[in-house]
>>> print(open('structure-v7.txt').read())   # compact mmCIF, C-alpha atoms
# COMPACT_ATOMS: atom_id res chain seq x y z
CA MET A 1 23.18 -177.38 -177.44
CA LYS A 2 25.81 -179.11 -179.49
CA ASN A 3 29.39 -178.85 -178.31
CA THR A 4 30.49 -176.90 -181.42
CA THR A 5 27.63 -174.43 -181.01
CA LEU A 6 28.48 -174.03 -177.34
CA ARG A 7 32.15 -173.46 -178.14
CA THR A 8 31.19 -170.89 -180.76
CA LEU A 9 29.02 -169.09 -178.21
CA PHE A 10 31.87 -169.01 -175.68
CA PHE A 11 34.28 -167.72 -178.36
CA ALA A 12 31.73 -165.04 -179.31
CA VAL A 13 31.58 -163.91 -175.67
CA PHE A 14 35.39 -163.80 -175.63
CA ILE A 15 35.50 -161.67 -178.79
CA LEU A 16 32.75 -159.38 -177.50
CA CYS A 17 34.52 -158.76 -174.19
CA PHE A 18 37.90 -158.04 -175.71
CA GLY A 19 36.18 -155.90 -178.35
CA LEU A 20 34.55 -153.86 -175.58
CA VAL A 21 37.93 -153.28 -173.92
CA ALA A 22 39.43 -152.31 -177.29
CA GLY A 23 36.49 -149.96 -177.82
CA ALA A 24 37.07 -148.38 -174.41
CA TYR A 25 40.70 -147.85 -175.37
CA TRP A 26 39.57 -146.19 -178.61
CA PHE A 27 37.16 -143.90 -176.74
CA GLN A 28 40.01 -143.02 -174.38
CA HIS A 29 42.64 -142.28 -177.04
CA GLY A 30 40.49 -141.58 -180.10
CA PRO A 31 38.95 -138.30 -181.22
CA GLN A 32 36.76 -137.79 -178.13
CA GLN A 33 39.53 -138.42 -175.54
CA GLN A 34 37.05 -139.78 -172.96
CA GLN A 35 39.18 -140.36 -169.88
CA PRO A 36 38.16 -143.33 -167.71
CA CYS A 37 37.31 -143.05 -164.04
CA PRO A 38 38.34 -145.78 -161.55
CA LEU A 39 34.95 -147.48 -161.90
CA CYS A 40 35.42 -147.63 -165.68
CA ILE A 41 38.78 -149.31 -165.13
CA LEU A 42 37.19 -151.88 -162.81
CA GLN A 43 34.64 -152.59 -165.55
CA ARG A 44 37.51 -153.24 -167.96
CA TYR A 45 38.92 -155.82 -165.53
CA LEU A 46 35.53 -157.52 -165.35
CA TYR A 47 35.22 -157.64 -169.14
CA LEU A 48 38.69 -159.16 -169.38
CA GLY A 49 37.81 -161.69 -166.68
CA ILE A 50 34.63 -162.70 -168.48
CA GLY A 51 36.52 -162.89 -171.76
CA LEU A 52 39.24 -165.11 -170.31
CA VAL A 53 36.70 -167.48 -168.74
CA ALA A 54 34.85 -167.65 -172.07
CA LEU A 55 38.11 -168.30 -173.94
CA LEU A 56 39.00 -171.14 -171.57
CA ALA A 57 35.52 -172.59 -171.95
CA GLY A 58 35.71 -172.36 -175.73
CA LEU A 59 39.09 -174.05 -175.83
CA HIS A 60 38.04 -176.71 -173.32
CA GLY A 61 34.70 -177.60 -174.91
CA PRO A 62 33.24 -178.74 -171.57
CA ASP A 63 30.55 -181.28 -170.85
CA LEU A 64 27.31 -180.32 -169.07
CA VAL A 65 28.85 -179.78 -165.62
CA GLY A 66 31.85 -177.92 -167.04
CA ARG A 67 29.76 -175.61 -169.19
CA ARG A 68 27.61 -174.76 -166.20
CA ILE A 69 30.67 -173.96 -164.10
CA TYR A 70 32.12 -171.72 -166.81
CA ALA A 71 28.75 -170.06 -167.38
CA ALA A 72 28.26 -169.55 -163.63
CA LEU A 73 31.64 -167.79 -163.44
CA ILE A 74 30.69 -165.58 -166.38
CA TRP A 75 27.32 -164.91 -164.78
CA LEU A 76 28.93 -163.95 -161.46
CA LEU A 77 31.41 -161.58 -163.11
CA ALA A 78 28.67 -160.06 -165.28
CA LEU A 79 26.45 -159.47 -162.26
CA MET A 80 29.36 -157.79 -160.50
CA GLY A 81 29.60 -155.56 -163.58
CA VAL A 82 25.87 -154.82 -163.47
CA GLY A 83 26.15 -153.84 -159.82
CA LEU A 84 29.27 -151.74 -160.32
CA THR A 85 27.84 -149.93 -163.33
CA ALA A 86 24.45 -149.39 -161.69
CA TRP A 87 26.22 -147.91 -158.67
CA GLN A 88 28.28 -145.65 -160.96
CA LEU A 89 25.11 -144.46 -162.70
CA SER A 90 23.27 -143.89 -159.42
CA LYS A 91 26.09 -141.71 -158.04
CA GLY A 92 26.44 -139.57 -161.16
CA ASP A 93 27.58 -136.03 -160.42
CA THR A 94 28.17 -136.73 -156.72
CA MET A 95 31.36 -138.72 -157.39
CA THR A 96 33.55 -135.78 -158.35
CA SER A 97 36.52 -136.89 -156.22
CA CYS A 98 36.67 -140.51 -157.34
CA LEU A 99 40.34 -140.29 -158.29
CA SER A 100 41.33 -139.59 -154.69
CA ASP A 101 38.86 -141.82 -152.84
CA PRO A 102 39.70 -145.37 -151.67
CA ILE A 103 38.45 -146.94 -154.92
CA GLY A 104 40.56 -144.60 -157.04
CA GLU A 105 43.61 -145.16 -154.87
CA PHE A 106 43.12 -148.94 -155.09
CA VAL A 107 42.76 -148.90 -158.88
CA GLN A 108 45.80 -146.66 -159.35
CA SER A 109 47.92 -148.84 -157.04
CA LEU A 110 47.36 -152.04 -159.01
CA PRO A 111 50.46 -153.13 -160.96
CA SER A 112 48.42 -153.28 -164.17
CA ALA A 113 47.81 -149.52 -163.91
CA GLN A 114 51.35 -149.09 -165.23
CA TRP A 115 51.08 -151.63 -168.05
CA PHE A 116 51.04 -150.28 -171.60
CA GLU A 117 52.65 -147.08 -170.30
CA GLY A 118 49.67 -146.46 -168.03
CA LYS A 119 47.26 -146.11 -170.94
CA LEU A 120 44.78 -148.97 -170.53
CA PHE A 121 44.22 -149.50 -166.79
CA PHE A 122 45.12 -146.07 -165.39
CA ALA A 123 42.20 -143.85 -164.39
CA THR A 124 42.66 -140.28 -165.53
CA GLY A 125 39.07 -139.04 -165.51
CA GLY A 126 36.53 -138.25 -162.87
CA CYS A 127 33.30 -140.14 -162.44
CA ALA A 128 31.27 -136.98 -162.99
CA ASP A 129 33.05 -135.99 -166.22
CA LYS A 130 30.52 -135.35 -168.96
CA TYR A 131 31.09 -136.62 -172.48
CA PRO A 132 28.83 -136.61 -175.50
CA PRO A 133 26.52 -139.63 -175.71
CA THR A 134 27.28 -142.55 -177.98
CA PHE A 135 24.18 -143.49 -179.98
CA GLY A 136 22.15 -141.50 -177.46
CA LEU A 137 23.50 -143.13 -174.29
CA SER A 138 26.50 -142.64 -172.04
CA LEU A 139 29.24 -145.25 -172.06
CA ALA A 140 28.24 -146.27 -168.53
CA VAL A 141 24.71 -147.08 -169.73
CA TRP A 142 26.14 -149.06 -172.67
CA SER A 143 28.34 -150.93 -170.23
CA LEU A 144 25.32 -151.76 -168.06
CA ILE A 145 23.49 -153.08 -171.13
CA CYS A 146 26.51 -155.22 -172.12
CA PHE A 147 26.93 -156.68 -168.63
CA ALA A 148 23.19 -157.46 -168.50
CA ALA A 149 23.38 -159.15 -171.91
CA LEU A 150 26.40 -161.21 -170.82
CA SER A 151 24.57 -162.34 -167.69
CA MET A 152 21.59 -163.38 -169.84
CA ILE A 153 23.85 -165.37 -172.17
CA ALA A 154 25.39 -167.12 -169.16
CA THR A 155 21.92 -167.84 -167.75
CA PHE A 156 20.90 -169.30 -171.10
CA ILE A 157 23.93 -171.61 -171.08
CA VAL A 158 23.31 -172.76 -167.50
CA LEU A 159 19.60 -173.43 -168.00
CA ARG A 160 19.97 -175.21 -171.33
CA PRO A 161 18.85 -178.85 -170.93
CA ALA A 162 21.47 -181.58 -171.01
CA THR A 163 19.65 -183.45 -173.78
CA SER A 164 20.30 -180.67 -176.27
CA ARG A 165 24.02 -181.31 -176.26
>>> encode(input="structure-v7.txt", output="structure tokens")
Amino acid sequence: MKNTTLRTLFFAVFILCFGLVAGAYWFQHGPQQQQPCPLCILQRYLYLGIGLVALLAGLHGPDLVGRRIYAALIWLLALMGVGLTAWQLSKGDTMTSCLSDPIGEFVQSLPSAQWFEGKLFFATGGCADKYPPTFGLSLAVWSLICFAALSMIATFIVLRPATSR
């Protein structure tokens, strides 16, 4: 993979991740007012982490070893997102008290929970809150799909042969 193509791919991952966080903000404050649970907030942190790693990789334009390190970091964060989202989906209606459990308390105690007047990283919804589906799926399912896609992109970058640079 040529260095410019690789950089473009990393920048695309960056834009996707920050677009997903912006989309979550829109779902939270737009017409549907879908309030995020603590697990949704943790997913936002993971998307931002992946996006920042991808931005650094795009700006750096790494060689083979560097691109694999960046991609491995993205892969690790994306797999954490897959696990977190799969756990959220498996719990479903049983997580009605997630704002007052240890995860909720941890998320609410982070300094970033107060940034932007508490509007982006502050959990105000419960994990079992029901909202209308988006294109037939819940936002948690969409998040799982996005994390899985990001992990596949990272795997593609890692496994790409060195000769294609």
>>> residues_around(input="structure-v7.txt", residues="Thr155 (chain A)", least_positions_apart="6", cutoff="12 Å", atoms="only C-alpha atoms", output="VMD selection string")
chain A and resid 67 to 76 78 to 79 148 to 149 161
>>> closest_residue(input="structure-v7.txt", among="A:Glu105, A:Ala57, A:Gln28, A:Leu159", to="Phe14 (chain A)", atoms="only C-alpha atoms")
A:Ala57
>>> atom_distance(input="structure-v7.txt", atom1="CA of Gly66 (chain A)", atom2="CA of Ala12 (chain A)")
17.8 Å
>>> closest_residue(input="structure-v7.txt", among="A:Leu52, A:Trp87, A:Arg7, A:Leu120", to="His29 (chain A)", atoms="only C-alpha atoms")
A:Leu120
>>> atom_distance(input="structure-v7.txt", atom1="CA of Ser138 (chain A)", atom2="CA of Ile41 (chain A)")
15.6 Å
>>> residues_around(input="structure-v7.txt", residues="Trp142 (chain A)", least_positions_apart="2", cutoff="12 Å", atoms="only C-alpha atoms", output="PDB file with C-alpha atoms, in the coordinates of the input")
ATOM      1  CA  LEU A  20      34.550-153.860-175.580  1.00  0.00           C
ATOM      2  CA  GLY A  23      36.490-149.960-177.820  1.00  0.00           C
ATOM      3  CA  ALA A  24      37.070-148.380-174.410  1.00  0.00           C
ATOM      4  CA  CYS A  40      35.420-147.630-165.680  1.00  0.00           C
ATOM      5  CA  GLN A  43      34.640-152.590-165.550  1.00  0.00           C
ATOM      6  CA  GLY A  81      29.600-155.560-163.580  1.00  0.00           C
ATOM      7  CA  VAL A  82      25.870-154.820-163.470  1.00  0.00           C
ATOM      8  CA  THR A  85      27.840-149.930-163.330  1.00  0.00           C
ATOM      9  CA  ALA A  86      24.450-149.390-161.690  1.00  0.00           C
ATOM     10  CA  LEU A  89      25.110-144.460-162.700  1.00  0.00           C
ATOM     11  CA  PRO A 133      26.520-139.630-175.710  1.00  0.00           C
ATOM     12  CA  THR A 134      27.280-142.550-177.980  1.00  0.00           C
ATOM     13  CA  PHE A 135      24.180-143.490-179.980  1.00  0.00           C
ATOM     14  CA  GLY A 136      22.150-141.500-177.460  1.00  0.00           C
ATOM     15  CA  LEU A 137      23.500-143.130-174.290  1.00  0.00           C
ATOM     16  CA  SER A 138      26.500-142.640-172.040  1.00  0.00           C
ATOM     17  CA  LEU A 139      29.240-145.250-172.060  1.00  0.00           C
ATOM     18  CA  ALA A 140      28.240-146.270-168.530  1.00  0.00           C
ATOM     19  CA  LEU A 144      25.320-151.760-168.060  1.00  0.00           C
ATOM     20  CA  ILE A 145      23.490-153.080-171.130  1.00  0.00           C
ATOM     21  CA  CYS A 146      26.510-155.220-172.120  1.00  0.00           C
ATOM     22  CA  PHE A 147      26.930-156.680-168.630  1.00  0.00           C
ATOM     23  CA  ALA A 148      23.190-157.460-168.500  1.00  0.00           C
ATOM     24  CA  ALA A 149      23.380-159.150-171.910  1.00  0.00           C
TER      25      ALA A 149
END
>>> closest_residue(input="structure-v7.txt", among="A:Gly51, A:Gly61, A:Gly83, A:Gly125", to="Leu16 (chain A)", atoms="all atoms listed in the file")
A:Gly51
>>> atom_distance(input="structure-v7.txt", atom1="CA of Tyr131 (chain A)", atom2="CA of Gly19 (chain A)")
20.8 Å
>>> closest_residue(input="structure-v7.txt", among="A:Cys17, A:Val158, A:Ile103, A:Ile153", to="Arg44 (chain A)", atoms="only C-alpha atoms")
A:Cys17
>>> axis_aligned_box(input="structure-v7.txt", around="region 83-93 of chain A", padding_each_side="5 Å", output="JSON")
{"center_x": 26.3, "center_y": -144.9, "center_z": -160.7, "size_x": 16.0, "size_y": 27.8, "size_z": 15.3}
>>> closest_residue(input="structure-v7.txt", among="A:Leu6, A:Leu84, A:Val21, A:Leu42", to="Val107 (chain A)", atoms="only C-alpha atoms")
A:Leu42
>>> closest_residue(input="structure-v7.txt", among="A:Phe156, A:Phe121, A:Tyr45, A:Trp115", to="Phe18 (chain A)", atoms="all atoms listed in the file")
A:Tyr45
>>> residues_around(input="structure-v7.txt", residues="Phe106 (chain A)", least_positions_apart="3", cutoff="12 Å", atoms="only C-alpha atoms", output="number ranges by chain")
A: 38-39, 41-42, 98-103, 109-113, 121-123
>>> residues_around(input="structure-v7.txt", residues="Thr8 (chain A)", least_positions_apart="4", cutoff="12 Å", atoms="only C-alpha atoms", output="ChimeraX atom specification")
/A:1-4,12-15,54-55,57-61
